[in-house]
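Content type mmCIF, C-alpha atoms and all ligand atoms, from the file input08.cif:
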```cif
data_final
loop_
_atom_site.group_PDB
_atom_site.id
_atom_site.type_symbol
_atom_site.label_atom_id
_atom_site.label_comp_id
_atom_site.auth_asym_id
_atom_site.auth_seq_id
_atom_site.Cartn_x
_atom_site.Cartn_y
_atom_site.Cartn_z
ATOM 1 C CA MET A 22 -23.773 35.204 56.686
ATOM 2 C CA GLU A 23 -26.635 37.693 56.806
ATOM 3 C CA PHE A 24 -30.292 36.744 56.592
ATOM 4 C CA ASN A 25 -33.075 38.764 55.057
ATOM 5 C CA GLU A 26 -36.407 39.212 56.816
ATOM 6 C CA LEU A 27 -38.106 36.232 55.142
ATOM 7 C CA GLU A 28 -35.222 33.890 55.940
ATOM 8 C CA LYS A 29 -35.210 35.055 59.553
ATOM 9 C CA LYS A 30 -38.937 34.280 59.804
ATOM 10 C CA LYS A 31 -38.463 30.844 58.265
ATOM 11 C CA ILE A 32 -35.786 30.004 60.860
ATOM 12 C CA LEU A 33 -37.903 31.407 63.695
ATOM 13 C CA TYR A 34 -41.094 29.559 62.801
ATOM 14 C CA LYS A 35 -39.311 26.343 61.860
ATOM 15 C CA GLU A 36 -37.884 26.097 65.368
ATOM 16 C CA THR A 37 -41.367 26.462 66.849
ATOM 17 C CA THR A 38 -42.621 23.464 64.844
ATOM 18 C CA LEU A 39 -40.427 21.218 67.039
ATOM 19 C CA CYS A 40 -42.768 21.975 69.958
ATOM 20 C CA TYR A 41 -45.100 19.134 70.984
ATOM 21 C CA GLN A 42 -47.049 21.207 73.520
ATOM 22 C CA CYS A 43 -45.912 19.524 76.717
ATOM 23 C CA GLY A 44 -46.399 22.838 78.548
ATOM 24 C CA LYS A 45 -43.186 22.552 80.593
ATOM 25 C CA CYS A 46 -42.137 26.047 79.508
ATOM 26 C CA SER A 47 -45.316 27.612 80.880
ATOM 27 C CA SER A 48 -45.228 25.625 84.106
ATOM 28 C CA GLY A 49 -41.694 26.884 84.828
ATOM 29 C CA CYS A 50 -42.220 30.511 83.855
ATOM 30 C CA PRO A 51 -42.011 32.868 86.869
ATOM 31 C CA LEU A 52 -44.016 35.575 85.077
ATOM 32 C CA VAL A 53 -46.836 33.435 83.708
ATOM 33 C CA GLU A 54 -49.445 35.007 85.977
ATOM 34 C CA GLU A 55 -48.758 38.402 84.421
ATOM 35 C CA MET A 56 -49.088 37.082 80.871
ATOM 36 C CA ASP A 57 -52.207 37.134 78.732
ATOM 37 C CA MET A 58 -51.127 34.023 76.818
ATOM 38 C CA PHE A 59 -49.127 31.025 78.075
ATOM 39 C CA PRO A 60 -45.635 30.763 76.535
ATOM 40 C CA HIS A 61 -46.428 27.305 75.056
ATOM 41 C CA ILE A 62 -49.483 28.800 73.317
ATOM 42 C CA VAL A 63 -47.322 31.581 71.848
ATOM 43 C CA ILE A 64 -44.994 28.894 70.480
ATOM 44 C CA HIS A 65 -47.937 26.899 69.159
ATOM 45 C CA LEU A 66 -49.552 29.869 67.395
ATOM 46 C CA ALA A 67 -46.173 30.882 65.978
ATOM 47 C CA SER A 68 -45.703 27.349 64.609
ATOM 48 C CA LEU A 69 -49.037 27.735 62.822
ATOM 49 C CA GLY A 70 -47.845 31.033 61.356
ATOM 50 C CA LEU A 71 -50.546 33.016 63.174
ATOM 51 C CA GLU A 72 -48.265 36.005 63.351
ATOM 52 C CA GLU A 73 -50.896 38.639 64.010
ATOM 53 C CA LYS A 74 -52.094 36.803 67.107
ATOM 54 C CA VAL A 75 -48.639 36.339 68.639
ATOM 55 C CA LEU A 76 -47.509 39.873 67.830
ATOM 56 C CA ASN A 77 -50.540 41.251 69.629
ATOM 57 C CA THR A 78 -50.022 39.432 72.890
ATOM 58 C CA ASP A 79 -48.549 41.139 75.977
ATOM 59 C CA THR A 80 -46.632 37.932 76.749
ATOM 60 C CA ILE A 81 -43.833 38.771 74.305
ATOM 61 C CA TRP A 82 -43.295 42.093 76.150
ATOM 62 C CA ILE A 83 -43.512 40.602 79.640
ATOM 63 C CA CYS A 84 -40.990 37.820 79.002
ATOM 64 C CA ALA A 85 -37.833 38.702 80.946
ATOM 65 C CA SER A 86 -35.516 36.344 79.008
ATOM 66 C CA CYS A 87 -34.755 34.486 82.224
ATOM 67 C CA TYR A 88 -34.387 31.145 80.345
ATOM 68 C CA ALA A 89 -36.288 29.163 83.036
ATOM 69 C CA CYS A 90 -38.463 27.782 80.212
ATOM 70 C CA ALA A 91 -35.632 27.002 77.806
ATOM 71 C CA VAL A 92 -33.778 24.812 80.307
ATOM 72 C CA LYS A 93 -36.962 22.745 80.789
ATOM 73 C CA CYS A 94 -37.841 22.362 77.120
ATOM 74 C CA PRO A 95 -37.291 18.734 76.016
ATOM 75 C CA ASN A 96 -36.782 19.931 72.445
ATOM 76 C CA ASP A 97 -34.196 22.618 73.243
ATOM 77 C CA ILE A 98 -36.372 25.329 71.742
ATOM 78 C CA GLU A 99 -34.861 28.704 72.551
ATOM 79 C CA ILE A 100 -38.123 30.240 73.769
ATOM 80 C CA PRO A 101 -36.664 33.515 75.147
ATOM 81 C CA GLY A 102 -34.890 34.149 71.834
ATOM 82 C CA ILE A 103 -38.165 33.556 69.969
ATOM 83 C CA MET A 104 -39.999 35.921 72.338
ATOM 84 C CA ASN A 105 -37.332 38.565 71.711
ATOM 85 C CA GLN A 106 -37.571 38.184 67.961
ATOM 86 C CA LEU A 107 -41.355 38.401 68.089
ATOM 87 C CA LYS A 108 -41.079 41.554 70.201
ATOM 88 C CA GLN A 109 -38.639 43.023 67.701
ATOM 89 C CA MET A 110 -41.107 42.249 64.894
ATOM 90 C CA ALA A 111 -43.872 43.928 66.914
ATOM 91 C CA VAL A 112 -41.688 47.026 67.420
ATOM 92 C CA GLU A 113 -40.950 47.155 63.681
ATOM 93 C CA LYS A 114 -44.681 47.029 62.954
ATOM 94 C CA GLY A 115 -45.343 49.824 65.446
ATOM 95 C CA LEU A 116 -47.328 47.522 67.754
ATOM 96 C CA LYS A 117 -47.459 48.116 71.496
ATOM 97 C CA PRO A 118 -48.575 45.993 74.444
ATOM 98 C CA LYS A 119 -52.142 46.482 75.605
ATOM 99 C CA ARG A 120 -51.050 47.406 79.126
ATOM 100 C CA ASN A 121 -49.429 50.813 78.925
ATOM 101 C CA GLU A 122 -47.157 50.307 81.952
ATOM 102 C CA ILE A 123 -45.500 47.358 80.180
ATOM 103 C CA TYR A 124 -44.596 49.607 77.254
ATOM 104 C CA LYS A 125 -43.290 52.276 79.621
ATOM 105 C CA PHE A 126 -41.079 49.713 81.321
ATOM 106 C CA HIS A 127 -39.855 48.466 77.924
ATOM 107 C CA LYS A 128 -38.913 52.034 76.875
ATOM 108 C CA THR A 129 -37.160 52.680 80.195
ATOM 109 C CA PHE A 130 -35.272 49.379 80.166
ATOM 110 C CA THR A 131 -34.147 49.418 76.537
ATOM 111 C CA GLY A 132 -33.240 53.131 76.724
ATOM 112 C CA ASP A 133 -30.958 52.423 79.662
ATOM 113 C CA ILE A 134 -29.390 49.315 78.106
ATOM 114 C CA LEU A 135 -28.526 51.375 75.020
ATOM 115 C CA ARG A 136 -26.506 53.798 77.169
ATOM 116 C CA ARG A 137 -23.793 51.342 78.234
ATOM 117 C CA GLY A 138 -24.892 47.753 77.519
ATOM 118 C CA LYS A 139 -25.827 47.196 81.157
ATOM 119 C CA VAL A 140 -28.717 48.502 83.230
ATOM 120 C CA HIS A 141 -28.404 50.936 86.089
ATOM 121 C CA GLU A 142 -31.139 49.647 88.414
ATOM 122 C CA PHE A 143 -31.434 52.873 90.408
ATOM 123 C CA ARG A 144 -31.927 54.926 87.265
ATOM 124 C CA ILE A 145 -34.501 52.604 85.699
ATOM 125 C CA MET A 146 -36.517 52.456 88.941
ATOM 126 C CA LEU A 147 -36.543 56.245 89.077
ATOM 127 C CA GLU A 148 -37.283 56.807 85.390
ATOM 128 C CA TYR A 149 -40.009 54.135 85.311
ATOM 129 C CA ASN A 150 -41.731 55.664 88.339
ATOM 130 C CA LEU A 151 -41.587 59.102 86.731
ATOM 131 C CA ARG A 152 -43.024 57.761 83.478
ATOM 132 C CA LEU A 153 -45.856 56.219 85.506
ATOM 133 C CA GLY A 154 -46.376 59.501 87.353
ATOM 134 C CA LYS A 155 -45.818 57.640 90.656
ATOM 135 C CA PRO A 156 -42.401 58.839 91.895
ATOM 136 C CA PHE A 157 -42.599 56.925 95.190
ATOM 137 C CA LYS A 158 -43.835 53.583 93.814
ATOM 138 C CA ASN A 159 -41.965 50.698 95.523
ATOM 139 C CA ALA A 160 -39.890 53.255 97.455
ATOM 140 C CA MET A 161 -39.829 50.881 100.428
ATOM 141 C CA LEU A 162 -37.782 48.412 98.379
ATOM 142 C CA GLY A 163 -34.938 50.959 98.070
ATOM 143 C CA PRO A 164 -33.449 50.554 101.581
ATOM 144 C CA LYS A 165 -33.742 46.750 101.359
ATOM 145 C CA MET A 166 -31.909 46.690 98.028
ATOM 146 C CA LEU A 167 -29.285 49.108 99.326
ATOM 147 C CA PHE A 168 -28.742 46.911 102.367
ATOM 148 C CA LYS A 169 -28.223 43.883 100.100
ATOM 149 C CA ASN A 170 -25.844 45.890 97.916
ATOM 150 C CA LYS A 171 -28.224 45.513 94.942
ATOM 151 C CA LEU A 172 -28.758 49.239 94.369
ATOM 152 C CA HIS A 173 -25.998 51.611 93.347
ATOM 153 C CA PHE A 174 -26.318 55.352 92.851
ATOM 154 C CA THR A 175 -23.545 55.525 90.252
ATOM 155 C CA PRO A 176 -24.077 53.799 86.892
ATOM 156 C CA PRO A 177 -22.019 50.712 86.023
ATOM 157 C CA LYS A 178 -19.143 50.964 83.560
ATOM 158 C CA GLU A 179 -19.930 50.586 79.883
ATOM 159 C CA VAL A 180 -19.599 46.985 78.684
ATOM 160 C CA LYS A 181 -16.302 46.582 76.809
ATOM 161 C CA GLY A 182 -16.813 46.793 73.050
ATOM 162 C CA PHE A 183 -20.480 47.742 73.441
ATOM 163 C CA ARG A 184 -20.313 50.837 71.147
ATOM 164 C CA LYS A 185 -18.660 48.878 68.342
ATOM 165 C CA TRP A 186 -21.163 46.058 68.670
ATOM 166 C CA LEU A 187 -24.035 48.562 68.588
ATOM 167 C CA GLU A 188 -22.684 50.309 65.490
ATOM 168 C CA LYS A 189 -22.323 46.934 63.766
ATOM 169 C CA ALA A 190 -25.869 45.928 64.710
ATOM 170 C CA ASN A 191 -27.232 49.267 63.465
ATOM 171 C CA ARG A 192 -25.417 48.859 60.125
ATOM 172 C CA LYS A 193 -26.993 45.400 59.670
ATOM 173 C CA GLY A 194 -30.282 47.066 60.684
HETATM 174 S S1 LIG B 201 -37.713 33.373 79.360
HETATM 175 FE FE1 LIG B 201 -39.688 34.427 79.320
HETATM 176 S S2 LIG B 201 -41.192 32.824 78.843
HETATM 177 FE FE2 LIG B 201 -39.323 31.817 79.484
HETATM 178 S S3 LIG B 201 -39.570 31.456 81.672
HETATM 179 FE FE3 LIG B 201 -38.479 33.395 81.480
HETATM 180 S S4 LIG B 201 -40.072 34.968 81.460
HETATM 181 FE FE4 LIG B 201 -41.094 32.995 81.070
HETATM 182 S S1 LIG B 202 -41.363 23.075 76.803
HETATM 183 FE FE1 LIG B 202 -40.729 23.099 74.638
HETATM 184 S S2 LIG B 202 -41.829 21.386 73.721
HETATM 185 FE FE2 LIG B 202 -42.821 21.789 75.689
HETATM 186 S S3 LIG B 202 -44.497 23.210 75.186
HETATM 187 FE FE3 LIG B 202 -42.751 24.451 75.733
HETATM 188 S S4 LIG B 202 -41.713 24.932 73.783
HETATM 189 FE FE4 LIG B 202 -43.103 23.199 73.447
#
```
For this file, write the structure as structure tokens.
Ligand code: SF4
Ligand code: SF4
Amino acid sequence: MEFNELEKKKILYKETTLCYQCGKCSSGCPLVEEMDMFPHIVIHLASLGLEEKVLNTDTIWICASCYACAVKCPNDIEIPGIMNQLKQMAVEKGLKPKRNEIYKFHKTFTGDILRRGKVHEFRIMLEYNLRLGKPFKNAMLGPKMLFKNKLHFTPPKEVKGFRKWLEKANRKG
């Protein structure tokens, strides 16, 4: 079953109306200090239909979909999914985050994901630094990550079925 844009919005905002503002999502979010709006406020404003406000917050771009908030939510609201959908709506409207480096990271990360369905950490670190014009930013982390086997020079294999899934998603557009 496919949903049109209005139906998607109805589902998205209806889920947010289950929120009773306990704030557990914000208290468990590891990136909250970087955000310009607490996650529970994003959910609250979305439940009120204040779309312009939520689409113009940097929070939706900073959210890393780690799910730390969702596991704490007493109402099982899928906060990361909502953040992702709001970000997608912002992209469709041509909106960008206020902090330029966040947008540069978004472009680097999504560009790399679209190559094989999985990120190549070494490449995104390099590309992001180049986009920032700071090629040696965080260079000291490289040896540490290599030592912990977290950094690989060769890209990972493409996720099985990724191309087909992508084509299907593009057709649904
Ligand atoms: S999914 Fe996003 S909002 Fe939720 S805890 Fe992680 S970074 Fe924060
Ligand atoms: S944890 Fe759930 S119910 Fe509590 S404020 Fe966050 S979204 Fe709302």
For this session: Kindly give the distance, in Å, that separates atom CA of Leu116 of chain A and atom CA of Asn77 of chain A, rounded to a single decimal.
Result: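 For atom CA of Leu116 of chain A relative to atom CA of Asn77 of chain A, the distance reads 7.3 Å.
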For this session: Give the answer as one residue: which of A:Arg137, A:Lys74, A:Lys93, A:Arg152 has the shortest atom-to-atom distance to ligand LIG 201 (chain B), using all atoms listed in the file?
Result: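 For ligand LIG 201 (chain B), the nearest of the candidates is A:Lys93.
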Exercise. Out of A:Leu66, A:Leu162, A:Leu167, A:Cys46, which residue has the shortest atom-to-atom distance to ligand LIG 202 (chain B) when counting only C-alpha atoms and all ligand atoms?
Worked result: A:Cys46
For this session: Would you list the contacts of Thr129 of chain A as a ChimeraX atom specification, taking every protein, DNA or RNA residue within 12 Å and counting all atoms listed in the file, but skipping same-chain residues closer than 4 positions in sequence?
Result: /A:122-125,133-136,140-153
Please produce, as a Markdown table, a per-residue contact table for chain A versus ligand LIG 202 (chain B) (criterion: any atom at most 10 Å away, only C-alpha atoms and all ligand atoms considered), showing the nearest atom pair and its distance in Å to one decimal, sorted by chain then residue number.
```
| residue | atom | partner | partner_atom | distance |
| --- | --- | --- | --- | --- |
| A:Glu36 | CA | B:LIG202 | S4 | 9.3 |
| A:Thr37 | CA | B:LIG202 | S4 | 7.1 |
| A:Thr38 | CA | B:LIG202 | FE4 | 8.6 |
| A:Leu39 | CA | B:LIG202 | S2 | 6.8 |
| A:Cys40 | CA | B:LIG202 | FE4 | 3.7 |
| A:Tyr41 | CA | B:LIG202 | S2 | 4.8 |
| A:Gln42 | CA | B:LIG202 | S3 | 3.6 |
| A:Cys43 | CA | B:LIG202 | FE2 | 4.0 |
| A:Gly44 | CA | B:LIG202 | S3 | 3.9 |
| A:Lys45 | CA | B:LIG202 | S1 | 4.2 |
| A:Cys46 | CA | B:LIG202 | S1 | 4.1 |
| A:Ser47 | CA | B:LIG202 | FE3 | 6.6 |
| A:Ser48 | CA | B:LIG202 | S1 | 8.6 |
| A:Gly49 | CA | B:LIG202 | S1 | 8.9 |
| A:Phe59 | CA | B:LIG202 | FE3 | 9.5 |
| A:Pro60 | CA | B:LIG202 | FE3 | 7.0 |
| A:His61 | CA | B:LIG202 | S3 | 4.5 |
| A:Ile62 | CA | B:LIG202 | S3 | 7.7 |
| A:Val63 | CA | B:LIG202 | S4 | 8.9 |
| A:Ile64 | CA | B:LIG202 | S4 | 6.1 |
| A:His65 | CA | B:LIG202 | FE4 | 7.4 |
| A:Cys90 | CA | B:LIG202 | S1 | 6.5 |
| A:Ala91 | CA | B:LIG202 | S1 | 7.0 |
| A:Val92 | CA | B:LIG202 | S1 | 8.5 |
| A:Lys93 | CA | B:LIG202 | S1 | 5.9 |
| A:Cys94 | CA | B:LIG202 | S1 | 3.6 |
| A:Pro95 | CA | B:LIG202 | FE1 | 5.7 |
| A:Asn96 | CA | B:LIG202 | S2 | 5.4 |
| A:Asp97 | CA | B:LIG202 | FE1 | 6.7 |
| A:Ile98 | CA | B:LIG202 | FE1 | 5.7 |
| A:Glu99 | CA | B:LIG202 | S4 | 7.9 |
| A:Ile100 | CA | B:LIG202 | S4 | 6.4 |
```
For this session: Kindly resolve the PyMOL selection byres (((not hetatm)) within 6 of (chain B and resi 201)) on the present coordinates and return the residues as a list in words.
Result: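 Checking the PyMOL selection byres (((not hetatm)) within 6 of (chain B and resi 201)) against this file, the residues are Gly49, Cys50, Pro51, Leu52, Pro60, Cys84, Ala85, Ser86, Cys87, Tyr88, Ala89, Cys90 and Pro101 of chain A.
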Pull out every residue that the PyMOL selection byres (((chain A and resi 111) around 12) and not hetatm) matches in the shown coordinates and put them as a PDB file with C-alpha atoms, in the frame of the given file.
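Contents of out_22.pdb, freshly written:
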```pdb
ATOM      1  CA  GLU A  72     -48.265  36.005  63.351  1.00  0.00           C
ATOM      2  CA  GLU A  73     -50.896  38.639  64.010  1.00  0.00           C
ATOM      3  CA  LYS A  74     -52.094  36.803  67.107  1.00  0.00           C
ATOM      4  CA  VAL A  75     -48.639  36.339  68.639  1.00  0.00           C
ATOM      5  CA  LEU A  76     -47.509  39.873  67.830  1.00  0.00           C
ATOM      6  CA  ASN A  77     -50.540  41.251  69.629  1.00  0.00           C
ATOM      7  CA  THR A  78     -50.022  39.432  72.890  1.00  0.00           C
ATOM      8  CA  ASP A  79     -48.549  41.139  75.977  1.00  0.00           C
ATOM      9  CA  THR A  80     -46.632  37.932  76.749  1.00  0.00           C
ATOM     10  CA  ILE A  81     -43.833  38.771  74.305  1.00  0.00           C
ATOM     11  CA  TRP A  82     -43.295  42.093  76.150  1.00  0.00           C
ATOM     12  CA  MET A 104     -39.999  35.921  72.338  1.00  0.00           C
ATOM     13  CA  ASN A 105     -37.332  38.565  71.711  1.00  0.00           C
ATOM     14  CA  GLN A 106     -37.571  38.184  67.961  1.00  0.00           C
ATOM     15  CA  LEU A 107     -41.355  38.401  68.089  1.00  0.00           C
ATOM     16  CA  LYS A 108     -41.079  41.554  70.201  1.00  0.00           C
ATOM     17  CA  GLN A 109     -38.639  43.023  67.701  1.00  0.00           C
ATOM     18  CA  MET A 110     -41.107  42.249  64.894  1.00  0.00           C
ATOM     19  CA  VAL A 112     -41.688  47.026  67.420  1.00  0.00           C
ATOM     20  CA  GLU A 113     -40.950  47.155  63.681  1.00  0.00           C
ATOM     21  CA  LYS A 114     -44.681  47.029  62.954  1.00  0.00           C
ATOM     22  CA  GLY A 115     -45.343  49.824  65.446  1.00  0.00           C
ATOM     23  CA  LEU A 116     -47.328  47.522  67.754  1.00  0.00           C
ATOM     24  CA  LYS A 117     -47.459  48.116  71.496  1.00  0.00           C
ATOM     25  CA  PRO A 118     -48.575  45.993  74.444  1.00  0.00           C
ATOM     26  CA  TYR A 124     -44.596  49.607  77.254  1.00  0.00           C
TER      27      TYR A 124
END
```
Exercise. Atom CA of Ser68 of chain A and atom CA of Leu33 of chain A are how many Å apart?
Worked result: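 Calculated distance between atom CA of Ser68 of chain A and atom CA of Leu33 of chain A is 8.8 Å.
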Problem set entry | Pick from A:Ile103, A:Lys30, A:Leu71, A:Lys119 nearest to Asp57 of chain A, counting all atoms listed in the file |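 Nearest candidate to Asp57 of chain A out of A:Ile103, A:Lys30, A:Leu71, A:Lys119: A:Lys119.
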Exercise. Hey, can you check how far atom CA of His173 of chain A sits from atom CA of Ala160 of chain A?
Worked result: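 Computed distance, atom CA of His173 of chain A to atom CA of Ala160 of chain A, equals 14.6 Å.
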Would you write out, as an mmCIF file with C-alpha atoms, in the frame of the given file, every residue that the PyMOL selection byres (((chain A and resi 180) around 7) and not hetatm) captures in this file?
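Result written to result08.cif:
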```cif
data_model
loop_
_atom_site.group_PDB
_atom_site.id
_atom_site.type_symbol
_atom_site.label_atom_id
_atom_site.label_comp_id
_atom_site.auth_asym_id
_atom_site.auth_seq_id
_atom_site.Cartn_x
_atom_site.Cartn_y
_atom_site.Cartn_z
ATOM 1 C CA ARG A 137 -23.793 51.342 78.234
ATOM 2 C CA GLY A 138 -24.892 47.753 77.519
ATOM 3 C CA LYS A 139 -25.827 47.196 81.157
ATOM 4 C CA LYS A 178 -19.143 50.964 83.560
ATOM 5 C CA GLU A 179 -19.930 50.586 79.883
ATOM 6 C CA LYS A 181 -16.302 46.582 76.809
ATOM 7 C CA GLY A 182 -16.813 46.793 73.050
ATOM 8 C CA PHE A 183 -20.480 47.742 73.441
#
```
Quick one: segment 88-116 of chain A with N, CA and C atoms, as a compact mmCIF listing (two decimals), in the coordinates of the input?
```txt
# COMPACT_ATOMS: atom_id res chain seq x y z
N TYR A 88 -34.77 32.48 80.83
CA TYR A 88 -34.39 31.14 80.34
C TYR A 88 -34.89 29.98 81.21
N ALA A 89 -35.76 30.27 82.21
CA ALA A 89 -36.29 29.16 83.04
C ALA A 89 -37.05 28.18 82.17
N CYS A 90 -37.70 28.66 81.10
CA CYS A 90 -38.46 27.78 80.21
C CYS A 90 -37.53 26.96 79.31
N ALA A 91 -36.52 27.65 78.78
CA ALA A 91 -35.63 27.00 77.81
C ALA A 91 -34.90 25.81 78.42
N VAL A 92 -34.50 25.93 79.70
CA VAL A 92 -33.78 24.81 80.31
C VAL A 92 -34.70 23.62 80.55
N LYS A 93 -36.01 23.86 80.56
CA LYS A 93 -36.96 22.74 80.79
C LYS A 93 -37.46 22.12 79.49
N CYS A 94 -37.26 22.83 78.39
CA CYS A 94 -37.84 22.36 77.12
C CYS A 94 -37.15 21.08 76.63
N PRO A 95 -37.90 20.00 76.46
CA PRO A 95 -37.29 18.73 76.02
C PRO A 95 -36.78 18.80 74.57
N ASN A 96 -37.21 19.81 73.84
CA ASN A 96 -36.78 19.93 72.44
C ASN A 96 -35.76 21.04 72.22
N ASP A 97 -35.22 21.56 73.32
CA ASP A 97 -34.20 22.62 73.24
C ASP A 97 -34.63 23.82 72.41
N ILE A 98 -35.90 24.15 72.48
CA ILE A 98 -36.37 25.33 71.74
C ILE A 98 -35.96 26.57 72.53
N GLU A 99 -35.36 27.52 71.84
CA GLU A 99 -34.86 28.70 72.55
C GLU A 99 -36.00 29.72 72.69
N ILE A 100 -36.90 29.44 73.62
CA ILE A 100 -38.12 30.24 73.77
C ILE A 100 -37.84 31.74 74.02
N PRO A 101 -36.90 32.09 74.92
CA PRO A 101 -36.66 33.52 75.15
C PRO A 101 -36.19 34.24 73.88
N GLY A 102 -35.37 33.55 73.09
CA GLY A 102 -34.89 34.15 71.83
C GLY A 102 -36.06 34.38 70.88
N ILE A 103 -36.99 33.42 70.84
CA ILE A 103 -38.16 33.56 69.97
C ILE A 103 -39.03 34.72 70.45
N MET A 104 -39.22 34.81 71.77
CA MET A 104 -40.00 35.92 72.34
C MET A 104 -39.36 37.26 71.95
N ASN A 105 -38.03 37.32 72.05
CA ASN A 105 -37.33 38.56 71.71
C ASN A 105 -37.51 38.93 70.24
N GLN A 106 -37.42 37.91 69.39
CA GLN A 106 -37.57 38.18 67.96
C GLN A 106 -38.99 38.63 67.64
N LEU A 107 -39.96 37.99 68.31
CA LEU A 107 -41.36 38.40 68.09
C LEU A 107 -41.57 39.85 68.56
N LYS A 108 -40.95 40.18 69.69
CA LYS A 108 -41.08 41.55 70.20
C LYS A 108 -40.45 42.54 69.23
N GLN A 109 -39.30 42.15 68.68
CA GLN A 109 -38.64 43.02 67.70
C GLN A 109 -39.54 43.22 66.48
N MET A 110 -40.19 42.14 66.04
CA MET A 110 -41.11 42.25 64.89
C MET A 110 -42.27 43.17 65.24
N ALA A 111 -42.76 43.06 66.48
CA ALA A 111 -43.87 43.93 66.91
C ALA A 111 -43.44 45.39 66.90
N VAL A 112 -42.22 45.65 67.40
CA VAL A 112 -41.69 47.03 67.42
C VAL A 112 -41.61 47.56 65.99
N GLU A 113 -41.08 46.72 65.08
CA GLU A 113 -40.95 47.16 63.68
C GLU A 113 -42.29 47.46 63.04
N LYS A 114 -43.34 46.79 63.50
CA LYS A 114 -44.68 47.03 62.95
C LYS A 114 -45.41 48.14 63.71
N GLY A 115 -44.73 48.73 64.68
CA GLY A 115 -45.34 49.82 65.45
C GLY A 115 -46.40 49.35 66.43
N LEU A 116 -46.34 48.05 66.79
CA LEU A 116 -47.33 47.52 67.75
C LEU A 116 -46.85 47.76 69.18
```
